[in-house]
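**Q** Next comes the structure file target.cif, holding mmCIF, C-alpha atoms.
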data_structure
#
loop_
_atom_site.label_atom_id
_atom_site.label_comp_id
_atom_site.auth_asym_id
_atom_site.auth_seq_id
_atom_site.Cartn_x
_atom_site.Cartn_y
_atom_site.Cartn_z
CA MET F 1 -7.78 -8.50 15.16
CA LYS F 2 -4.00 -8.72 15.42
CA LEU F 3 -2.68 -11.52 13.22
CA GLY F 4 0.63 -13.30 13.72
CA PHE F 5 2.31 -16.70 13.58
CA CYS F 6 4.41 -18.93 15.78
CA THR F 7 8.12 -18.71 15.01
CA ASP F 8 11.47 -17.53 16.37
CA PRO F 9 13.72 -14.62 15.38
CA ALA F 10 16.24 -16.85 13.62
CA THR F 11 13.59 -18.41 11.37
CA LEU F 12 12.12 -14.97 10.75
CA ALA F 13 15.50 -13.57 9.73
CA ALA F 14 16.00 -16.40 7.22
CA LEU F 15 12.82 -15.59 5.29
CA PRO F 16 13.35 -13.93 1.90
CA PHE F 17 10.68 -11.32 2.69
CA ARG F 18 9.30 -9.40 5.65
CA PRO F 19 5.99 -11.00 6.70
CA GLN F 20 2.93 -8.76 6.71
CA CYS F 21 1.81 -9.62 10.22
CA ASP F 22 1.37 -7.82 13.51
CA PHE F 23 3.39 -10.05 15.84
CA ILE F 24 5.19 -13.34 16.28
CA GLU F 25 4.60 -15.91 19.00
CA GLY F 26 7.54 -17.61 20.62
CA HIS F 27 8.24 -20.86 22.46
CA VAL F 28 8.90 -20.83 26.18
CA VAL F 29 11.28 -23.79 26.30
CA ASN F 30 13.27 -22.84 23.19
CA PHE F 31 13.16 -19.04 23.33
CA LEU F 32 12.81 -18.04 26.99
CA THR F 33 15.04 -21.03 27.92
CA PRO F 34 14.04 -20.87 31.60
CA GLU F 35 16.70 -23.27 32.85
CA ALA F 36 19.56 -21.72 30.87
CA PRO F 37 21.77 -18.83 32.09
CA ASP F 38 20.62 -15.26 31.65
CA ALA F 39 23.49 -14.65 29.23
CA ASP F 40 22.04 -17.24 26.84
CA PHE F 41 18.64 -15.62 26.95
CA ALA F 42 20.14 -12.17 26.41
CA LEU F 43 21.29 -13.26 22.95
CA ARG F 44 17.78 -14.37 22.03
CA ALA F 45 16.26 -11.18 23.42
CA ALA F 46 18.68 -9.14 21.31
CA ALA F 47 17.71 -11.11 18.20
CA LEU F 48 14.06 -10.41 18.92
CA ARG F 49 14.69 -6.68 19.26
CA ALA F 50 16.62 -6.71 15.99
CA SER F 51 13.71 -8.43 14.21
CA GLY F 52 11.46 -5.42 14.65
CA TYR F 53 8.45 -7.59 15.59
CA PRO F 54 6.76 -7.73 18.98
CA MET F 55 6.49 -11.12 20.69
CA PRO F 56 3.53 -10.72 23.04
CA ALA F 57 3.11 -14.46 23.64
CA ALA F 58 4.98 -17.73 23.96
CA ASN F 59 3.64 -21.27 24.01
CA VAL F 60 4.72 -24.63 25.45
CA LEU F 61 5.25 -23.42 28.99
CA LEU F 62 6.74 -26.67 30.31
CA PRO F 63 9.05 -29.30 28.82
CA ALA F 64 7.73 -32.85 28.86
CA VAL F 65 10.09 -33.84 31.69
CA LEU F 66 8.71 -31.20 34.06
CA LYS F 67 5.42 -32.82 35.00
CA CYS F 68 2.31 -30.97 36.13
CA SER F 69 0.20 -34.09 36.68
CA GLY F 70 0.77 -37.54 38.12
CA PRO F 71 2.90 -38.82 41.01
CA ASP F 72 6.20 -37.12 40.09
CA ILE F 73 5.58 -33.38 40.31
CA ASP F 74 8.61 -31.37 41.45
CA TYR F 75 6.95 -28.27 42.89
CA ALA F 76 10.22 -26.62 43.91
CA ARG F 77 11.64 -26.92 40.40
CA LEU F 78 8.37 -25.66 38.94
CA ASP F 79 8.56 -22.62 41.20
CA ARG F 80 12.14 -21.81 40.15
CA TYR F 81 11.22 -22.33 36.52
CA ALA F 82 8.18 -20.08 36.72
CA HIS F 83 10.09 -17.26 38.43
CA THR F 84 12.55 -17.22 35.52
CA VAL F 85 9.84 -17.46 32.86
CA PHE F 86 7.85 -14.51 34.11
CA ARG F 87 10.89 -12.38 34.88
CA ARG F 88 12.14 -12.86 31.32
CA CYS F 89 8.67 -12.10 29.96
CA LYS F 90 8.79 -8.72 31.67
CA GLU F 91 12.23 -8.02 30.23
CA ILE F 92 10.96 -8.30 26.65
CA GLY F 93 7.41 -7.02 27.13
CA MET F 94 5.71 -10.40 26.75
CA THR F 95 2.25 -10.47 28.32
CA LEU F 96 0.83 -13.93 27.47
CA ILE F 97 2.12 -17.38 28.36
CA VAL F 98 0.33 -20.37 26.84
CA PHE F 99 -0.03 -23.34 29.17
CA GLY F 100 -0.51 -26.22 26.77
CA SER F 101 2.49 -28.52 27.26
CA ALA F 102 1.02 -31.88 26.26
CA GLY F 103 3.98 -33.92 27.48
CA ALA F 104 4.09 -32.30 30.90
CA ARG F 105 0.32 -32.48 31.26
CA MET F 106 -0.19 -36.07 30.08
CA VAL F 107 -1.69 -38.15 32.88
CA PRO F 108 0.08 -41.49 33.34
CA ASP F 109 -1.88 -44.73 33.03
CA GLY F 110 -3.70 -45.64 36.20
CA PHE F 111 -3.56 -42.16 37.71
CA PRO F 112 -6.99 -40.62 38.41
CA ILE F 113 -7.91 -37.96 35.85
CA ALA F 114 -9.90 -36.01 38.45
CA LYS F 115 -6.86 -35.82 40.72
CA ALA F 116 -4.66 -34.76 37.79
CA PHE F 117 -7.10 -31.96 36.99
CA GLU F 118 -6.83 -30.72 40.58
CA GLN F 119 -3.04 -30.81 40.29
CA TYR F 120 -3.17 -28.74 37.12
CA VAL F 121 -5.44 -26.19 38.79
CA ASP F 122 -3.14 -26.06 41.82
CA ILE F 123 -0.17 -25.28 39.57
CA LEU F 124 -2.16 -22.53 37.87
CA ARG F 125 -2.76 -21.09 41.34
CA GLN F 126 0.96 -21.43 42.15
CA PHE F 127 2.02 -19.64 38.95
CA ALA F 128 -0.67 -16.95 38.83
CA PRO F 129 0.77 -14.51 41.42
CA LEU F 130 4.22 -14.72 39.80
CA ALA F 131 2.68 -13.99 36.42
CA ALA F 132 0.67 -11.06 37.77
CA GLU F 133 3.73 -9.50 39.41
CA ASN F 134 5.36 -9.36 35.97
CA GLY F 135 2.35 -8.18 33.97
CA VAL F 136 1.71 -11.59 32.41
CA THR F 137 -1.50 -13.57 31.87
CA ILE F 138 -1.36 -17.37 31.72
CA VAL F 139 -3.76 -18.78 29.16
CA VAL F 140 -4.97 -22.36 29.52
CA GLU F 141 -4.75 -24.14 26.17
CA PRO F 142 -7.14 -27.08 25.70
CA LEU F 143 -5.43 -29.76 23.61
CA ASN F 144 -7.21 -32.30 21.41
CA ARG F 145 -7.74 -35.81 22.72
CA GLY F 146 -5.21 -37.28 20.30
CA GLU F 147 -2.38 -35.24 21.85
CA CYS F 148 -3.22 -35.16 25.55
CA ASN F 149 -5.63 -36.68 28.06
CA LEU F 150 -6.13 -33.69 30.36
CA VAL F 151 -8.08 -30.47 29.64
CA ASN F 152 -9.13 -31.25 26.07
CA THR F 153 -12.06 -28.95 25.29
CA VAL F 154 -12.70 -25.23 25.65
CA LEU F 155 -15.35 -26.03 28.24
CA GLU F 156 -12.86 -28.04 30.30
CA GLY F 157 -10.31 -25.25 29.87
CA ALA F 158 -12.87 -22.73 31.09
CA GLU F 159 -13.51 -24.88 34.16
CA ALA F 160 -9.77 -24.89 34.95
CA VAL F 161 -9.69 -21.09 34.61
CA ARG F 162 -12.70 -20.70 36.89
CA ARG F 163 -11.26 -23.07 39.45
CA ALA F 164 -7.92 -21.27 39.45
CA ASN F 165 -9.90 -18.11 40.24
CA HIS F 166 -7.17 -15.56 39.57
CA PRO F 167 -7.25 -12.58 37.17
CA ALA F 168 -3.90 -13.67 35.69
CA VAL F 169 -5.36 -17.00 34.49
CA LYS F 170 -7.52 -16.93 31.35
CA LEU F 171 -8.37 -19.12 28.35
CA LEU F 172 -6.91 -19.75 24.91
CA VAL F 173 -9.21 -20.90 22.09
CA ASP F 174 -7.37 -22.99 19.49
CA LEU F 175 -9.51 -23.60 16.42
CA PHE F 176 -7.34 -26.53 15.29
CA HIS F 177 -7.90 -28.42 18.55
CA MET F 178 -11.61 -27.58 18.48
CA LEU F 179 -11.90 -28.91 14.92
CA ARG F 180 -9.91 -32.04 15.73
CA ASN F 181 -12.18 -32.73 18.74
CA GLY F 182 -15.38 -31.98 16.83
CA GLU F 183 -16.29 -29.15 19.20
CA SER F 184 -18.99 -26.66 18.29
CA PRO F 185 -18.33 -22.97 17.60
CA ASP F 186 -21.22 -22.36 20.01
CA ASP F 187 -18.95 -23.45 22.85
CA ILE F 188 -16.99 -20.24 22.30
CA LEU F 189 -20.15 -18.31 23.15
CA LYS F 190 -20.26 -20.05 26.54
CA VAL F 191 -16.73 -19.01 27.54
CA GLY F 192 -16.38 -15.62 25.84
CA PRO F 193 -15.43 -13.46 28.85
CA LEU F 194 -12.55 -15.80 29.69
CA ILE F 195 -10.81 -15.72 26.27
CA ARG F 196 -7.50 -13.85 26.05
CA HIS F 197 -5.72 -15.53 23.12
CA ALA F 198 -6.42 -17.64 20.02
CA HIS F 199 -4.59 -20.09 17.73
CA LEU F 200 -5.52 -21.46 14.33
CA ALA F 201 -4.53 -24.22 11.87
CA GLU F 202 -6.42 -26.50 9.52
CA ASN F 203 -7.73 -29.79 10.88
CA LYS F 204 -6.28 -32.02 8.15
CA ASP F 205 -2.52 -32.45 8.58
CA ARG F 206 -2.55 -29.42 10.90
CA ALA F 207 -1.89 -27.60 7.64
CA ALA F 208 -1.48 -23.90 6.99
CA PRO F 209 -4.73 -22.05 6.29
CA GLY F 210 -5.72 -22.33 2.63
CA ILE F 211 -3.96 -25.63 1.97
CA HIS F 212 -7.08 -27.81 2.24
CA GLY F 213 -9.68 -25.04 2.21
CA GLU F 214 -10.73 -25.25 5.86
CA ASP F 215 -13.60 -22.89 6.66
CA PHE F 216 -12.91 -21.20 9.99
CA ARG F 217 -15.72 -18.67 9.60
CA PRO F 218 -18.17 -20.25 12.08
CA PHE F 219 -15.51 -20.11 14.79
CA LEU F 220 -14.36 -16.63 13.81
CA ARG F 221 -17.95 -15.39 13.89
CA ALA F 222 -18.30 -16.83 17.38
CA LEU F 223 -15.16 -14.98 18.48
CA HIS F 224 -16.59 -11.80 16.97
CA ARG F 225 -19.90 -12.31 18.79
CA VAL F 226 -18.18 -12.54 22.18
CA GLY F 227 -16.19 -9.39 21.43
CA TYR F 228 -12.79 -11.02 21.07
CA ASN F 229 -10.59 -8.75 18.96
CA ASP F 230 -7.06 -9.36 20.18
CA HIS F 231 -4.27 -11.73 19.05
CA LEU F 232 -4.78 -14.64 16.64
CA ALA F 233 -1.67 -16.72 15.94
CA LEU F 234 -1.26 -19.21 13.10
CA GLU F 235 0.24 -22.43 14.47
CA PRO F 236 0.28 -24.99 11.64
CA ASN F 237 2.88 -27.54 10.68
CA TRP F 238 4.60 -25.51 7.98
CA THR F 239 6.01 -27.66 5.19
CA ASP F 240 7.30 -24.74 3.10
CA LEU F 241 7.19 -21.62 5.26
CA PRO F 242 8.58 -19.14 2.68
CA HIS F 243 5.88 -20.09 0.17
CA GLN F 244 3.00 -20.88 2.53
CA LEU F 245 3.12 -17.97 4.97
CA ALA F 246 1.89 -15.07 2.84
CA PRO F 247 -1.04 -17.01 1.31
CA ALA F 248 -1.99 -18.31 4.76
CA LEU F 249 -2.07 -14.83 6.26
CA GLN F 250 -4.08 -13.60 3.27
CA GLU F 251 -6.60 -16.45 3.61
CA VAL F 252 -7.13 -15.82 7.32
CA ARG F 253 -7.58 -12.09 6.71
CA ARG F 254 -10.21 -12.91 4.08
CA GLN F 255 -12.11 -15.19 6.44
CA LEU F 256 -11.83 -12.66 9.28
CA ALA F 257 -13.33 -9.99 7.05
CA ASP F 258 -16.15 -12.34 6.05
CA SER F 259 -16.80 -13.00 9.74
CA GLY F 260 -17.12 -9.37 10.73
CA ASN F 261 -13.67 -9.05 12.28
#
I need this file expressed as structure tokens, please.
**A**
Amino acid sequence: MKLGFCTDPATLAALPFRPQCDFIEGHVVNFLTPEAPDADFALRAAALRASGYPMPAANVLLPAVLKCSGPDIDYARLDRYAHTVFRRCKEIGMTLIVFGSAGARMVPDGFPIAKAFEQYVDILRQFAPLAAENGVTIVVEPLNRGECNLVNTVLEGAEAVRRANHPAVKLLVDLFHMLRNGESPDDILKVGPLIRHAHLAENKDRAAPGIHGEDFRPFLRALHRVGYNDHLALEPNWTDLPHQLAPALQEVRRQLADSGN
């Protein structure tokens, strides 16, 4: 399995060592900057090339102000935004876009959840052809119930993927959100063919792996059983990145090996 972590080229360059990882994962709003001029993005793309690390994925597709549920969806702005996102992905060889975006997805009080789910699926359908044209897969990221009120579990995420019904829309499995929700590793076995990306952090404090001794092995074994052997990105709340990163990568590699990966 390819192991990486979520960061940006500037943070990477400031580290006192070169991380022993396979990739880094970026941030759509802050790195691809879809509503900023191309010249601004060109500087970030150059910094990425200089880093020497691939960035196959980026998360947080939408800013909180660009809603994808509720009564105030601006479909024209979403379309312009998506065109820029996927064009810039192609420019840097990025192939995965994570559609989490808790703020944009949050359903306002009084708005029907079922209708909001349909809106989310419709936007997946709107984005999917643009993604496919640029060699990108959108991965639906279920978010725990404490962060968002729409598409919370891997089973709900799988339903959104199935309803979107497009080869450029797949599923992300985030072990932190599964742990926070109390979901079972067995749920991974039910959605295996849909999985295209994975995230990981400890449940307590969303800490880096190894801080509190979280055992991810049941989930990692489930990923192994469904044949998932692609990207796994660490996405904790780092409190001391220079000192926490190497031990976290080492701990995840140890648990992957124990799990047959």
**Q** Let me make sure I understand: among F:Asp22, F:Asp215, F:Asp79, F:Glu141, which one has the smallest atom-to-atom distance to Asn59 in chain F if we use all atoms listed in the file?
**A** F:Glu141
**Q** Do a neighbour search on His212 in chain F at 12 Å with all atoms listed in the file, toss out local chain neighbours closer than 4 positions, and write the hits as a short mmCIF file (atom, residue, chain, number, x, y, z; two decimals) with C-alpha atoms, keeping the file's coordinate frame.
**A**
data_model
loop_
_atom_site.label_atom_id
_atom_site.label_comp_id
_atom_site.auth_asym_id
_atom_site.auth_seq_id
_atom_site.Cartn_x
_atom_site.Cartn_y
_atom_site.Cartn_z
CA ALA F 201 -4.53 -24.22 11.87
CA GLU F 202 -6.42 -26.50 9.52
CA ASN F 203 -7.73 -29.79 10.88
CA LYS F 204 -6.28 -32.02 8.15
CA ASP F 205 -2.52 -32.45 8.58
CA ARG F 206 -2.55 -29.42 10.90
CA ALA F 207 -1.89 -27.60 7.64
CA ALA F 208 -1.48 -23.90 6.99
CA PHE F 216 -12.91 -21.20 9.99
CA ALA F 248 -1.99 -18.31 4.76
CA GLU F 251 -6.60 -16.45 3.61
#
**Q** Between CA of His166 in chain F and CA of Val121 in chain F, what is the spacing in Å?
**A**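 Going from CA of Val121 in chain F over to CA of His166 in chain F covers 10.8 Å.
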**Q** With 12 Å as the cut-off and all atoms listed in the file counted, what is the closest atom pair between each nearby residue of range 65-147 of chain F and range 231-237 of chain F? Distances in Å to one decimal, ordered by chain and number, as a tab-separated table.
**A**
residue	atom	partner	partner_atom	distance
F:Thr95	CA	F:His231	CA	11.4
F:Leu96	CA	F:His231	CA	10.1
F:Val98	CA	F:Ala233	CA	11.7
**Q** Skipping near chain neighbours, those fewer than 5 positions away, what residues fall within 9 Å of range 30-35 of chain F using all atoms listed in the file, listed as a list in words?
**A**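 Within the cut-off, the hits are Asp8, Asp40, Phe41, Arg44, Ala45, Ala58, Arg80, Tyr81, Ala82, His83, Thr84, Val85, Arg88 and Cys89 of chain F.
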**Q** On this structure, which residues satisfy the PyMOL selection byres ((chain F and resi 224-226) around 12), written as a PyMOL selection string?
**A** chain F and resi 1+185-196+217-223+227-230+255-261
**Q** Kindly resolve the PyMOL selection byres ((chain F and resi 161) around 9) on the present coordinates and return the residues as a list in words.
**A**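 That selection, the PyMOL selection byres ((chain F and resi 161) around 9), comes back as Val121, Leu124, Val139, Val140, Glu156, Gly157, Ala158, Glu159, Ala160, Arg162, Arg163, Ala164, Asn165, His166, Val169, Lys170, Leu171 and Leu194 of chain F.
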**Q** Pick out the residues sitting within 8 Å of Ala104 in chain F, and hand them over as a CSV table (one decimal) with C-alpha atoms, keeping the file's coordinate frame; count all atoms listed in the file, and ignore anything fewer than 6 positions along from it in its own chain.
**A**
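around38.csv written:
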chain,number,residue,atom,x,y,z
F,62,LEU,CA,6.7,-26.7,30.3
F,63,PRO,CA,9.0,-29.3,28.8
F,64,ALA,CA,7.7,-32.8,28.9
F,65,VAL,CA,10.1,-33.8,31.7
F,66,LEU,CA,8.7,-31.2,34.1
F,67,LYS,CA,5.4,-32.8,35.0
F,68,CYS,CA,2.3,-31.0,36.1
F,69,SER,CA,0.2,-34.1,36.7
